[in-house]
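Data from entry.txt: compact mmCIF, C-alpha atoms
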# COMPACT_ATOMS: atom_id res chain seq x y z
CA MET A 517 -66.07 -56.94 -156.09
CA GLU A 518 -68.64 -56.81 -153.35
CA ILE A 519 -70.82 -54.22 -155.05
CA VAL A 520 -71.00 -56.39 -158.18
CA GLU A 521 -72.10 -59.43 -156.18
CA LYS A 522 -74.75 -57.42 -154.42
CA ILE A 523 -76.16 -56.00 -157.63
CA LEU A 524 -76.32 -59.44 -159.21
CA ASN A 525 -78.24 -60.54 -156.11
CA GLY A 526 -80.77 -57.79 -156.70
CA ASN A 527 -79.63 -55.26 -154.09
CA GLU A 528 -81.13 -51.91 -155.10
CA ALA A 529 -79.02 -49.77 -152.78
CA SER A 530 -75.80 -51.13 -154.32
CA ALA A 531 -77.13 -50.46 -157.81
CA ALA A 532 -77.99 -46.90 -156.77
CA LYS A 533 -74.52 -46.44 -155.30
CA LEU A 534 -72.82 -47.69 -158.45
CA ILE A 535 -74.86 -45.31 -160.58
CA SER A 536 -73.49 -42.47 -158.42
CA LEU A 537 -69.93 -43.72 -158.90
CA ILE A 538 -70.47 -43.68 -162.67
CA GLU A 539 -71.92 -40.19 -162.50
CA GLU A 540 -68.83 -39.09 -160.59
CA GLY A 541 -66.53 -40.76 -163.13
CA LYS A 542 -64.84 -42.97 -160.52
CA ASP A 543 -62.45 -45.71 -161.72
CA GLU A 544 -63.85 -48.23 -159.24
CA GLY A 545 -67.27 -47.60 -160.81
CA TYR A 546 -65.99 -48.35 -164.31
CA LYS A 547 -64.25 -51.45 -162.98
CA ALA A 548 -67.56 -52.69 -161.56
CA ILE A 549 -69.35 -51.97 -164.84
CA SER A 550 -66.83 -54.05 -166.74
CA LEU A 551 -67.50 -56.96 -164.39
CA LEU A 552 -71.25 -56.57 -164.92
CA LEU A 553 -71.02 -56.58 -168.72
CA PRO A 554 -71.71 -60.32 -169.14
CA TYR A 555 -75.02 -59.80 -167.35
CA THR A 556 -76.23 -56.92 -169.51
CA GLY A 557 -78.31 -56.68 -172.65
CA GLY A 558 -81.34 -58.60 -171.43
CA ALA A 559 -83.85 -55.78 -171.28
CA HIS A 560 -86.10 -54.17 -173.83
CA ARG A 561 -84.83 -50.58 -173.73
CA ILE A 562 -87.55 -48.09 -174.52
CA GLY A 563 -86.69 -44.41 -174.90
CA ILE A 564 -89.25 -41.64 -174.55
CA THR A 565 -88.50 -38.25 -176.00
CA GLY A 566 -90.41 -35.11 -176.95
CA ALA A 567 -90.76 -31.44 -176.18
CA PRO A 568 -90.79 -30.22 -172.57
CA GLY A 569 -94.32 -30.43 -171.19
CA SER A 570 -95.56 -32.94 -173.76
CA GLY A 571 -96.32 -35.45 -171.00
CA LYS A 572 -93.35 -37.81 -171.16
CA SER A 573 -93.17 -38.50 -167.41
CA THR A 574 -96.89 -39.11 -167.05
CA LEU A 575 -96.79 -41.42 -170.06
CA ILE A 576 -93.93 -43.35 -168.45
CA ASP A 577 -95.88 -43.62 -165.21
CA LYS A 578 -98.76 -45.29 -167.05
CA LEU A 579 -96.52 -47.44 -169.25
CA ALA A 580 -94.64 -48.69 -166.19
CA THR A 581 -97.84 -49.44 -164.30
CA ASN A 582 -99.30 -51.42 -167.20
CA PHE A 583 -96.06 -53.20 -168.09
CA SER A 584 -95.74 -54.20 -164.46
CA LYS A 585 -99.19 -55.85 -164.58
CA ARG A 586 -97.77 -57.98 -167.39
CA GLY A 587 -95.06 -59.20 -165.04
CA LYS A 588 -92.24 -57.00 -166.30
CA LYS A 589 -89.44 -56.00 -163.96
CA ILE A 590 -89.03 -52.32 -164.62
CA GLY A 591 -86.28 -49.76 -164.35
CA ILE A 592 -86.85 -46.09 -165.14
CA ILE A 593 -84.15 -43.54 -165.90
CA ALA A 594 -85.48 -39.98 -165.96
CA ILE A 595 -83.06 -37.37 -167.28
CA ASP A 596 -83.52 -33.66 -166.63
CA PRO A 597 -81.34 -30.73 -167.66
CA THR A 598 -78.50 -29.27 -165.61
CA SER A 599 -78.58 -25.49 -165.40
CA THR A 600 -75.84 -23.96 -167.55
CA LYS A 601 -75.85 -20.98 -165.20
CA THR A 602 -75.49 -22.64 -161.81
CA ASP A 603 -74.64 -26.30 -162.59
CA GLY A 604 -77.55 -27.29 -160.36
CA ALA A 605 -80.62 -29.26 -161.39
CA LEU A 606 -84.17 -29.76 -160.21
CA LEU A 607 -85.11 -33.33 -160.95
CA GLY A 608 -88.88 -33.30 -161.14
CA ASP A 609 -89.86 -36.22 -163.38
CA ARG A 610 -90.34 -38.62 -160.52
CA LEU A 611 -93.05 -36.36 -159.14
CA ARG A 612 -95.27 -37.37 -162.05
CA MET A 613 -94.62 -41.07 -161.59
CA ARG A 614 -96.64 -41.50 -158.42
CA ASP A 615 -98.34 -44.74 -159.44
CA ALA A 616 -95.15 -46.40 -160.64
CA GLU A 617 -93.31 -45.19 -157.56
CA ASN A 618 -95.63 -47.19 -155.33
CA ILE A 619 -95.19 -50.47 -157.17
CA GLU A 620 -92.74 -52.74 -155.42
CA GLY A 621 -89.80 -53.58 -157.65
CA ILE A 622 -89.95 -50.58 -159.96
CA PHE A 623 -86.62 -48.79 -159.70
CA ILE A 624 -86.67 -45.11 -160.61
CA ARG A 625 -83.50 -43.07 -160.94
CA SER A 626 -83.49 -39.37 -161.74
CA MET A 627 -80.44 -38.04 -163.47
CA ALA A 628 -79.14 -34.58 -164.34
CA HIS A 629 -77.66 -34.49 -167.84
CA ARG A 630 -74.61 -32.54 -166.55
CA GLY A 631 -73.95 -30.75 -169.78
CA TYR A 632 -73.79 -33.79 -172.01
CA PRO A 633 -75.31 -33.37 -175.46
CA GLY A 634 -78.09 -35.37 -177.06
CA GLY A 635 -80.71 -35.43 -174.34
CA ILE A 636 -79.02 -37.97 -172.06
CA ALA A 637 -76.24 -37.97 -169.45
CA LYS A 638 -72.80 -39.52 -169.62
CA ALA A 639 -73.92 -42.00 -166.98
CA THR A 640 -77.07 -43.11 -168.83
CA ILE A 641 -75.60 -46.03 -170.75
CA GLY A 642 -73.81 -47.23 -167.60
CA THR A 643 -77.07 -47.02 -165.69
CA ILE A 644 -78.77 -49.15 -168.35
CA TYR A 645 -76.12 -51.83 -167.81
CA ILE A 646 -76.48 -51.63 -164.03
CA LEU A 647 -80.27 -51.97 -164.12
CA GLU A 648 -80.04 -54.92 -166.50
CA ALA A 649 -77.54 -56.62 -164.20
CA LEU A 650 -79.94 -55.90 -161.34
CA GLY A 651 -82.46 -58.07 -163.21
CA LYS A 652 -84.70 -55.51 -164.90
CA ASP A 653 -86.14 -56.71 -168.21
CA LEU A 654 -87.88 -53.53 -169.27
CA LEU A 655 -86.24 -50.11 -169.17
CA LEU A 656 -87.99 -46.80 -169.73
CA ILE A 657 -85.54 -43.99 -170.43
CA GLU A 658 -86.85 -40.44 -170.48
CA SER A 659 -84.66 -37.94 -172.31
CA VAL A 660 -84.34 -34.27 -171.51
CA GLY A 661 -87.21 -32.46 -173.23
CA ILE A 662 -85.67 -32.07 -176.65
CA GLY A 663 -85.56 -29.57 -179.44
CA GLN A 664 -84.80 -30.53 -182.98
CA THR A 665 -81.33 -31.97 -183.14
CA GLU A 666 -80.70 -34.13 -180.09
CA ILE A 667 -80.15 -37.71 -181.07
CA ASN A 668 -78.25 -39.54 -178.37
CA ILE A 669 -81.39 -40.85 -176.72
CA SER A 670 -81.95 -42.99 -179.82
CA THR A 671 -78.50 -44.55 -179.38
CA VAL A 672 -79.28 -46.00 -175.95
CA CYS A 673 -82.68 -47.55 -176.68
CA ASP A 674 -84.15 -50.25 -178.92
CA THR A 675 -87.54 -48.64 -179.32
CA LEU A 676 -87.96 -44.89 -179.31
CA ILE A 677 -91.33 -43.33 -178.58
CA THR A 678 -91.50 -39.70 -179.67
CA VAL A 679 -94.22 -37.69 -177.97
CA PHE A 680 -96.03 -34.84 -179.70
CA THR A 681 -99.03 -32.81 -178.63
CA PRO A 682 -101.76 -31.68 -181.05
CA ASP A 683 -100.43 -28.10 -180.94
CA TYR A 684 -96.95 -29.04 -182.21
CA GLY A 685 -97.23 -26.61 -185.11
CA ASP A 686 -98.03 -27.33 -188.74
CA GLU A 687 -96.89 -29.44 -191.66
CA ILE A 688 -93.83 -27.25 -192.20
CA GLN A 689 -92.56 -28.23 -188.75
CA LEU A 690 -92.79 -31.85 -189.83
CA MET A 691 -91.02 -31.21 -193.11
CA LYS A 692 -88.05 -29.77 -191.27
CA ALA A 693 -85.51 -32.29 -190.15
CA GLY A 694 -85.82 -33.10 -186.48
CA MET A 695 -87.68 -35.06 -183.89
CA ILE A 696 -90.02 -36.71 -186.36
CA GLU A 697 -87.08 -38.53 -187.94
CA LEU A 698 -86.25 -40.25 -184.69
CA GLY A 699 -89.25 -42.16 -183.42
CA ASP A 700 -90.08 -45.83 -183.97
CA ILE A 701 -93.48 -45.02 -182.52
CA ILE A 702 -95.15 -41.62 -182.39
CA ALA A 703 -97.53 -40.80 -179.56
CA ILE A 704 -99.78 -37.77 -179.87
CA ASN A 705 -100.43 -37.10 -176.23
CA LYS A 706 -103.04 -34.80 -174.69
CA SER A 707 -105.27 -36.00 -177.50
CA ASP A 708 -108.29 -34.36 -175.89
CA MET A 709 -106.90 -31.07 -177.17
CA PRO A 710 -108.45 -29.75 -180.39
CA GLY A 711 -106.80 -30.86 -183.62
CA ALA A 712 -105.61 -34.25 -182.38
CA SER A 713 -106.95 -36.34 -185.25
CA ASN A 714 -105.72 -33.84 -187.84
CA ALA A 715 -102.30 -34.01 -186.22
CA GLN A 716 -102.46 -37.79 -186.34
CA GLN A 717 -103.27 -37.75 -190.07
CA ASP A 718 -100.56 -35.20 -190.90
CA ILE A 719 -97.90 -37.00 -188.90
CA LYS A 720 -98.93 -40.41 -190.24
CA GLY A 721 -98.58 -39.21 -193.80
CA HIS A 722 -95.26 -37.62 -193.08
CA VAL A 723 -93.49 -40.43 -191.23
CA ASN A 724 -94.35 -42.95 -193.87
CA THR A 725 -93.00 -40.97 -196.79
CA ASN A 726 -89.78 -40.59 -194.84
CA ASN A 727 -89.45 -44.15 -193.66
CA ASN A 728 -87.06 -46.44 -195.52
CA THR A 729 -87.09 -49.31 -193.02
CA THR A 730 -89.33 -52.37 -192.92
CA TRP A 731 -91.06 -51.10 -189.79
CA ASP A 732 -94.27 -49.11 -190.25
CA ILE A 733 -94.17 -46.26 -187.76
CA PRO A 734 -97.47 -46.22 -185.86
CA VAL A 735 -98.96 -42.90 -184.82
CA ILE A 736 -101.06 -43.33 -181.70
CA LEU A 737 -103.39 -40.96 -179.87
CA THR A 738 -102.83 -41.01 -176.12
CA GLN A 739 -104.17 -39.22 -173.09
CA ALA A 740 -101.68 -40.18 -170.45
CA GLN A 741 -103.53 -38.57 -167.54
CA LYS A 742 -106.54 -40.85 -168.14
CA GLY A 743 -104.51 -43.83 -169.33
CA ASP A 744 -106.04 -43.74 -172.82
CA GLY A 745 -103.98 -45.29 -175.60
CA ILE A 746 -101.46 -46.84 -173.21
CA GLU A 747 -102.37 -50.45 -174.03
CA MET A 748 -101.98 -49.68 -177.73
CA LEU A 749 -98.61 -48.04 -177.08
CA ILE A 750 -97.43 -51.11 -175.17
CA GLU A 751 -98.65 -53.42 -177.90
CA LYS A 752 -96.76 -51.43 -180.54
CA ALA A 753 -93.61 -51.22 -178.43
CA GLU A 754 -93.66 -54.97 -177.98
CA SER A 755 -94.25 -55.65 -181.64
CA HIS A 756 -91.41 -53.29 -182.54
CA PHE A 757 -89.08 -55.25 -180.26
CA LYS A 758 -90.31 -58.51 -181.78
CA HIS A 759 -89.76 -57.06 -185.25
CA LEU A 760 -86.13 -56.23 -184.35
CA LYS A 761 -85.50 -59.71 -183.01
CA GLU A 762 -87.22 -61.59 -185.81
CA ASN A 763 -85.27 -59.68 -188.44
CA ASN A 764 -81.96 -60.09 -186.59
CA LEU A 765 -81.75 -56.35 -186.19
CA LEU A 766 -81.50 -56.05 -182.42
CA GLU A 767 -77.81 -56.79 -181.94
CA LYS A 768 -76.85 -55.15 -185.19
CA LEU A 769 -78.59 -51.90 -184.29
CA ARG A 770 -77.30 -52.01 -180.73
CA SER A 771 -73.69 -52.17 -181.90
CA GLU A 772 -74.21 -49.47 -184.54
CA LYS A 773 -75.79 -47.24 -181.93
CA LEU A 774 -73.06 -47.90 -179.39
CA LYS A 775 -70.52 -46.81 -181.95
CA LYS A 776 -72.45 -43.58 -182.55
CA LEU A 777 -72.67 -42.96 -178.83
CA MET A 778 -68.97 -43.63 -178.39
CA LEU A 779 -68.07 -41.14 -181.10
CA SER A 780 -70.26 -38.55 -179.46
CA PHE A 781 -68.63 -39.14 -176.05
CA LEU A 782 -65.21 -39.12 -177.68
CA LYS A 783 -65.93 -35.70 -179.08
CA GLU A 784 -66.72 -34.48 -175.56
CA GLU A 785 -63.54 -36.02 -174.15
CA ILE A 786 -61.35 -34.54 -176.84
CA TRP A 787 -62.96 -31.16 -176.32
CA ALA A 788 -62.43 -31.35 -172.54
CA HIS A 789 -58.77 -32.25 -173.02
CA ALA A 790 -58.26 -29.50 -175.56
CA MET A 791 -59.83 -26.87 -173.30
CA ASN A 792 -57.78 -28.06 -170.34
CA LYS A 793 -54.68 -27.46 -172.31
CA TRP A 794 -55.60 -24.39 -174.35
CA ALA A 795 -58.34 -22.35 -172.67
CA LYS A 796 -55.87 -20.05 -170.90
CA LYS A 797 -52.99 -19.98 -173.35
CA SER A 798 -52.23 -16.63 -174.89
CA GLU A 799 -51.79 -17.81 -178.49
CA PHE A 800 -55.28 -19.32 -178.26
CA LEU A 801 -56.82 -16.25 -176.63
CA ASN A 802 -55.11 -13.98 -179.19
CA ILE A 803 -57.26 -15.46 -181.91
CA PHE A 804 -60.40 -14.23 -180.13
CA GLU A 805 -58.80 -10.80 -179.77
CA MET A 806 -58.06 -10.64 -183.47
CA VAL A 807 -61.66 -11.51 -184.32
CA ALA A 808 -62.97 -8.86 -181.94
CA LYS A 809 -60.73 -6.26 -183.59
CA LYS A 810 -61.79 -7.46 -187.04
CA GLU A 811 -58.19 -8.28 -187.91
CA ILE A 812 -59.23 -11.71 -189.16
CA ASP A 813 -62.64 -13.07 -190.04
CA PHE A 814 -64.56 -15.55 -187.94
CA TYR A 815 -64.08 -18.54 -190.23
CA LYS A 816 -60.37 -18.02 -190.55
CA ALA A 817 -60.18 -17.72 -186.75
CA VAL A 818 -61.89 -21.05 -186.16
CA SER A 819 -59.60 -22.73 -188.62
CA GLU A 820 -56.52 -21.18 -186.97
CA ALA A 821 -57.66 -22.23 -183.51
CA SER A 822 -58.20 -25.74 -184.80
CA ASN A 823 -54.70 -25.79 -186.36
CA LEU A 824 -53.28 -24.72 -183.05
CA ILE A 825 -54.94 -27.60 -181.19
CA PHE A 826 -54.30 -30.19 -183.92
CA PRO A 827 -51.19 -29.06 -185.80
CA ASP A 828 -50.95 -32.36 -187.67
CA CYS A 829 -54.38 -32.20 -189.28
CA MET B 1399 -69.39 -29.39 -170.41
CA SER B 1400 -69.37 -29.89 -166.69
CA GLU B 1401 -66.73 -32.38 -165.67
CA ASP B 1402 -67.33 -35.52 -163.63
CA LYS B 1403 -67.29 -34.65 -159.99
CA LYS B 1404 -69.13 -35.27 -156.80
CA LYS B 1405 -72.34 -33.28 -156.87
CA ILE B 1406 -74.37 -32.73 -153.73
CA LYS B 1407 -77.66 -34.58 -154.20
CA ILE B 1408 -80.64 -33.74 -152.04
CA LEU B 1409 -84.15 -35.07 -151.57
CA ILE B 1410 -86.67 -32.49 -150.44
CA ALA B 1411 -89.56 -34.50 -149.03
CA LYS B 1412 -93.04 -33.70 -147.79
CA PRO B 1413 -94.11 -36.39 -145.34
CA GLY B 1414 -97.65 -37.07 -144.22
CA LEU B 1415 -100.88 -35.19 -144.60
CA ASP B 1416 -99.37 -31.79 -145.11
CA GLY B 1417 -100.52 -29.98 -148.23
CA HIS B 1418 -98.37 -26.86 -147.98
CA ASP B 1419 -95.39 -27.08 -150.29
CA ARG B 1420 -94.58 -23.48 -151.18
CA GLY B 1421 -91.70 -23.54 -148.68
CA ALA B 1422 -90.36 -26.88 -149.93
CA LYS B 1423 -90.39 -25.61 -153.51
CA VAL B 1424 -88.63 -22.37 -152.58
CA VAL B 1425 -85.90 -24.32 -150.78
CA ALA B 1426 -85.60 -26.79 -153.67
CA GLN B 1427 -85.18 -23.94 -156.13
CA ALA B 1428 -82.58 -22.19 -153.93
CA LEU B 1429 -80.52 -25.37 -153.56
CA LYS B 1430 -80.66 -25.94 -157.30
CA ASP B 1431 -79.48 -22.37 -157.85
CA ALA B 1432 -76.62 -23.08 -155.43
CA GLY B 1433 -75.41 -25.79 -157.84
CA MET B 1434 -76.93 -28.86 -156.21
CA GLU B 1435 -79.04 -31.64 -157.72
CA VAL B 1436 -82.42 -31.60 -156.06
CA ILE B 1437 -85.21 -34.14 -156.17
CA TYR B 1438 -88.59 -32.99 -154.95
CA SER B 1439 -90.78 -35.82 -153.66
CA GLY B 1440 -94.17 -34.19 -154.09
CA LEU B 1441 -96.86 -34.13 -151.42
CA HIS B 1442 -98.14 -36.74 -148.99
CA LYS B 1443 -95.23 -39.19 -148.89
CA THR B 1444 -95.03 -41.92 -146.29
CA ILE B 1445 -91.77 -42.49 -144.44
CA ASP B 1446 -91.22 -45.72 -146.37
CA GLN B 1447 -91.72 -43.91 -149.68
CA ILE B 1448 -89.20 -41.27 -148.64
CA ILE B 1449 -86.69 -43.94 -147.62
CA ASN B 1450 -87.24 -45.73 -150.92
CA ILE B 1451 -86.62 -42.58 -152.94
CA ALA B 1452 -83.51 -41.78 -150.90
CA ILE B 1453 -82.11 -45.25 -151.64
CA GLN B 1454 -82.88 -45.31 -155.37
CA GLU B 1455 -81.64 -41.79 -155.93
CA ASP B 1456 -78.63 -42.28 -153.61
CA VAL B 1457 -79.00 -38.79 -152.16
CA ASP B 1458 -76.56 -37.30 -149.65
CA PHE B 1459 -79.21 -35.31 -147.77
CA ILE B 1460 -82.88 -35.70 -146.93
CA GLY B 1461 -84.64 -32.44 -146.18
CA LEU B 1462 -88.03 -32.85 -144.50
CA SER B 1463 -90.53 -30.02 -144.79
CA ILE B 1464 -93.15 -30.34 -142.06
CA MET B 1465 -95.92 -27.88 -141.26
CA THR B 1466 -98.30 -30.12 -139.32
CA GLY B 1467 -96.72 -30.00 -135.87
CA ALA B 1468 -95.92 -33.71 -136.08
CA HIS B 1469 -92.22 -33.09 -136.75
CA ILE B 1470 -91.03 -35.05 -133.72
CA PRO B 1471 -92.80 -38.38 -134.38
CA ILE B 1472 -92.22 -38.14 -138.16
CA THR B 1473 -88.52 -37.44 -137.76
CA GLU B 1474 -88.16 -40.13 -135.11
CA LYS B 1475 -89.69 -42.70 -137.42
CA LEU B 1476 -87.53 -41.63 -140.36
CA MET B 1477 -84.31 -41.83 -138.33
CA LYS B 1478 -85.28 -45.29 -137.13
CA ARG B 1479 -85.98 -46.51 -140.67
CA LEU B 1480 -82.69 -45.04 -141.93
CA LYS B 1481 -80.83 -47.17 -139.37
CA GLU B 1482 -82.85 -50.28 -140.18
CA LYS B 1483 -82.01 -49.86 -143.86
CA GLY B 1484 -78.34 -49.21 -143.12
CA ILE B 1485 -78.35 -45.78 -144.74
CA GLU B 1486 -77.81 -43.62 -141.66
CA ASP B 1487 -74.90 -41.97 -143.53
CA LYS B 1488 -77.51 -39.82 -145.26
CA LYS B 1489 -77.77 -36.50 -143.46
CA VAL B 1490 -81.21 -35.26 -142.43
CA PHE B 1491 -82.36 -31.69 -142.03
CA VAL B 1492 -85.79 -30.41 -141.09
CA GLY B 1493 -87.65 -27.25 -142.02
CA GLY B 1494 -91.17 -25.89 -141.73
CA VAL B 1495 -93.14 -24.84 -138.68
CA ILE B 1496 -90.73 -25.89 -135.94
CA PRO B 1497 -90.93 -24.24 -132.49
CA GLN B 1498 -87.55 -23.25 -131.03
CA LYS B 1499 -88.07 -25.52 -128.03
CA ASP B 1500 -88.22 -28.59 -130.28
CA ILE B 1501 -84.88 -27.98 -131.98
CA PRO B 1502 -82.78 -29.71 -129.27
CA LYS B 1503 -85.14 -32.70 -129.37
CA LEU B 1504 -84.72 -33.01 -133.14
CA LYS B 1505 -80.94 -32.75 -132.82
CA GLU B 1506 -81.04 -35.50 -130.20
CA LEU B 1507 -82.81 -37.71 -132.73
CA GLY B 1508 -79.79 -37.31 -134.99
CA VAL B 1509 -80.97 -34.50 -137.26
CA ALA B 1510 -77.99 -32.55 -138.62
CA GLY B 1511 -79.74 -29.20 -139.03
CA VAL B 1512 -83.07 -27.52 -138.27
CA PHE B 1513 -84.28 -24.55 -140.30
CA PRO B 1514 -87.65 -23.19 -139.16
CA GLY B 1515 -89.66 -21.06 -141.59
CA GLY B 1516 -88.02 -17.65 -141.95
CA THR B 1517 -84.46 -18.96 -141.86
CA PRO B 1518 -82.45 -17.15 -144.57
CA LEU B 1519 -81.90 -19.53 -147.50
CA ARG B 1520 -78.23 -18.64 -147.42
CA GLU B 1521 -77.97 -20.29 -144.01
CA THR B 1522 -79.43 -23.58 -145.24
CA ILE B 1523 -77.14 -23.58 -148.27
CA GLU B 1524 -74.04 -22.90 -146.14
CA PHE B 1525 -75.02 -25.67 -143.75
CA ILE B 1526 -75.37 -28.20 -146.57
CA LYS B 1527 -72.11 -27.21 -148.23
CA ASN B 1528 -70.19 -27.38 -144.95
CA THR B 1529 -71.77 -30.65 -143.85
CA ALA B 1530 -71.05 -32.21 -147.25
CA LYS B 1531 -67.39 -31.24 -146.92
CA THR B 1532 -66.95 -33.01 -143.61
CA ALA B 1533 -68.94 -36.11 -144.67
Please lay out the structure from this file as structure tokens.
Amino acid sequence: MEIVEKILNGNEASAAKLISLIEEGKDEGYKAISLLLPYTGGAHRIGITGAPGSGKSTLIDKLATNFSKRGKKIGIIAIDPTSTKTDGALLGDRLRMRDAENIEGIFIRSMAHRGYPGGIAKATIGTIYILEALGKDLLLIESVGIGQTEINISTVCDTLITVFTPDYGDEIQLMKAGMIELGDIIAINKSDMPGASNAQQDIKGHVNTNNNTTWDIPVILTQAQKGDGIEMLIEKAESHFKHLKENNLLEKLRSEKLKKLMLSFLKEEIWAHAMNKWAKKSEFLNIFEMVAKKEIDFYKAVSEASNLIFPDC
Amino acid sequence: MSEDKKKIKILIAKPGLDGHDRGAKVVAQALKDAGMEVIYSGLHKTIDQIINIAIQEDVDFIGLSIMTGAHIPITEKLMKRLKEKGIEDKKVFVGGVIPQKDIPKLKELGVAGVFPGGTPLRETIEFIKNTAKTA
């Protein structure tokens, strides 16, 4: 395929076009991806996640700039939410990547998550493949600003940086399950805010009691706007990647994560099929009616609806 | 879950030394609310930066917001670069402070639509939806 050839020759416009085809779910796009597969896997995939407004995009801007000085060929995927009301999206991450944007050879792609769960889009994993085939050896993937349960971002990256700010809350927030369980590296950004070193101590104590791997999770103070802590972050990201490779964990974790991601996508597919078939059928809609009239209870209703869709289970 | 489908993707760009972006942001927000995916470039972009963003993001439309009076030379340069890069399939529209008398000139340069300040947002949205259909 011509588009495949062009991407392998480093043509950015073709890569951008293929990403669109994947976003649109086009068969020719998937065909091209399958041809690119032998050329994928070569990049260090770094995910960046954290609450909205914690400084993820600015951090990526600085990381990309510094990584590029070290000779890395960089691709950035910045995912923003799609409005559940209008289906539209304002993709504004790129706006905060002004330095990286001006460096020749850094490819930035914004992406609306289009309703997919887990802080990434359906097209994200495909885009990772495309950028690797394009020759990028370092990928920075910014998730949608997350809450407490989104995990898919961790399934598409090797190293996950979770960004907190000093005002994240208190120890109880950390004791709850959530974001803190995800990161391989924790960055406490906006560390000029009061309480930064306390936050660092609290988080440090917490991640290490919870950590049953051989990797010690570093907790780093950063101030992305000024570039403080970025070198340290890069050093830790690189040593994490080295740790994965030296312990033969890289491929093992990648395949485990791919399986997780596949199951999550499968769930979406099954749901879409089920709704296609059932959303307007009267026996399905009747169940909602019966709940509204208090003829059956909520739990019974869910179980009946499920039996309707999957009578064999 | 929204299904896979063609979404209209738009770059709203502020070229040159123009620091007024209220209008660009209002348009960006309105297009987003009309169900499109909108990338806002931020201020002070060069033509080459705008072209670069349009390529990487594979947008369908480039909307230029220009308040400086330099809309003719800026647009001319952008249209020329689009051709050089082989991406003249991307539709261009222009908004901002645009005198009526300049609209035919902009159209001659290949601009698909011109929306001077004060144009109802509905009009811009309709134009984009209709143009996307025929593309």
Item to complete: Pull out every residue of chain A sitting within 9 Å of chain B, counting all atoms listed in the file, and send them as a VMD selection string.
Response: chain A and resid 528 to 529 531 to 533 535 to 542 598 to 612 614 617 to 618 623 to 628 630 to 633 784 787 to 788
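Proximity of B:Ile1472, B:Leu1415, B:Val1492, B:Ile1410 to Lys1505 (chain B), computed with only C-alpha atoms, is greatest for B:Val1492.
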Worksheet item: Using only C-alpha atoms, which residue out of B:Leu1507, B:Ile1496, B:Val1490, B:Met1465 lies closest to Pro1413 (chain B)?
Response: B:Met1465
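Atom pair CA of Gly563 (chain A) / CA of Val520 (chain A): separated by 25.9 Å.
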Worksheet entry | Atom-to-atom span, CA of Ala1411 (chain B) and CA of Leu647 (chain A), Å | 24.9 Å
Discussion item. Using all atoms listed in the file, which protein or nucleic acid residues come within 12 Å of Leu769 (chain A)? Drop anything in the same chain fewer than 2 positions from it, and give the result as a PyMOL selection string.
Written reply: chain A and resi 670-675+757+760-761+763-767+771-776
Build an axis-aligned box that encloses every atom of region 1464-1473 of chain B listed in the file, pad it by 4 Å on each side, and report its centre and edge lengths in Å to one decimal, as AutoDock Vina command-line options.
--center_x -93.4 --center_y -33.1 --center_z -137.9 --size_x 17.8 --size_y 18.5 --size_z 16.3
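Using only C-alpha atoms, the nearest neighbour of Leu1504 (chain B) within the list B:Gly1461, B:Pro1471, B:Gly1516, B:Gly1417 is B:Pro1471.
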Response to the item:
Min atom-atom distance to Leu575 (chain A) from the set A:Leu553, A:Ile786, A:Ala821, A:Leu749, counting only C-alpha atoms, belongs to A:Leu749
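Take the candidates A:Lys578, A:Asp543, A:Leu655, A:Phe781 and check each one against Ile590 (chain A) using only C-alpha atoms; the shortest distance goes to A:Leu655.
Put simply, CA of Thr1529 (chain B) is 8.4 Å away from CA of Lys1489 (chain B).
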Item to complete: Show which residues sit within 12 Å of region 718-733 of chain A, as a PyMOL selection string. Count only C-alpha atoms, and ignore same-chain residues fewer than 6 positions away.
Response: chain A and resi 675-682+684-704+711-712+749+752-753+755-760+762-763+765
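In terms of minimum interatomic distance to Val1495 (chain B), B:Leu1462 ranks closest within B:Ile1526, B:Leu1519, B:Met1477, B:Leu1462, counting all atoms listed in the file.
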Your completed region 546-552 of chain A with N, CA and C atoms, as a PDB file, keeping the file's coordinate frame:
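File written: selection.pdb
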ATOM      1  N   TYR A 546     -66.178 -47.774-162.973  1.00  0.00           N
ATOM      2  CA  TYR A 546     -65.990 -48.350-164.310  1.00  0.00           C
ATOM      3  C   TYR A 546     -65.533 -49.806-164.222  1.00  0.00           C
ATOM      4  N   LYS A 547     -64.709 -50.071-163.202  1.00  0.00           N
ATOM      5  CA  LYS A 547     -64.250 -51.450-162.980  1.00  0.00           C
ATOM      6  C   LYS A 547     -65.466 -52.370-162.732  1.00  0.00           C
ATOM      7  N   ALA A 548     -66.366 -51.897-161.878  1.00  0.00           N
ATOM      8  CA  ALA A 548     -67.560 -52.690-161.560  1.00  0.00           C
ATOM      9  C   ALA A 548     -68.419 -52.906-162.802  1.00  0.00           C
ATOM     10  N   ILE A 549     -68.566 -51.850-163.604  1.00  0.00           N
ATOM     11  CA  ILE A 549     -69.350 -51.970-164.840  1.00  0.00           C
ATOM     12  C   ILE A 549     -68.764 -53.052-165.738  1.00  0.00           C
ATOM     13  N   SER A 550     -67.442 -53.076-165.840  1.00  0.00           N
ATOM     14  CA  SER A 550     -66.830 -54.050-166.740  1.00  0.00           C
ATOM     15  C   SER A 550     -67.104 -55.472-166.255  1.00  0.00           C
ATOM     16  N   LEU A 551     -67.189 -55.633-164.931  1.00  0.00           N
ATOM     17  CA  LEU A 551     -67.500 -56.960-164.390  1.00  0.00           C
ATOM     18  C   LEU A 551     -68.974 -57.331-164.598  1.00  0.00           C
ATOM     19  N   LEU A 552     -69.813 -56.313-164.728  1.00  0.00           N
ATOM     20  CA  LEU A 552     -71.250 -56.570-164.920  1.00  0.00           C
ATOM     21  C   LEU A 552     -71.606 -56.860-166.374  1.00  0.00           C
TER      22      LEU A 552
END
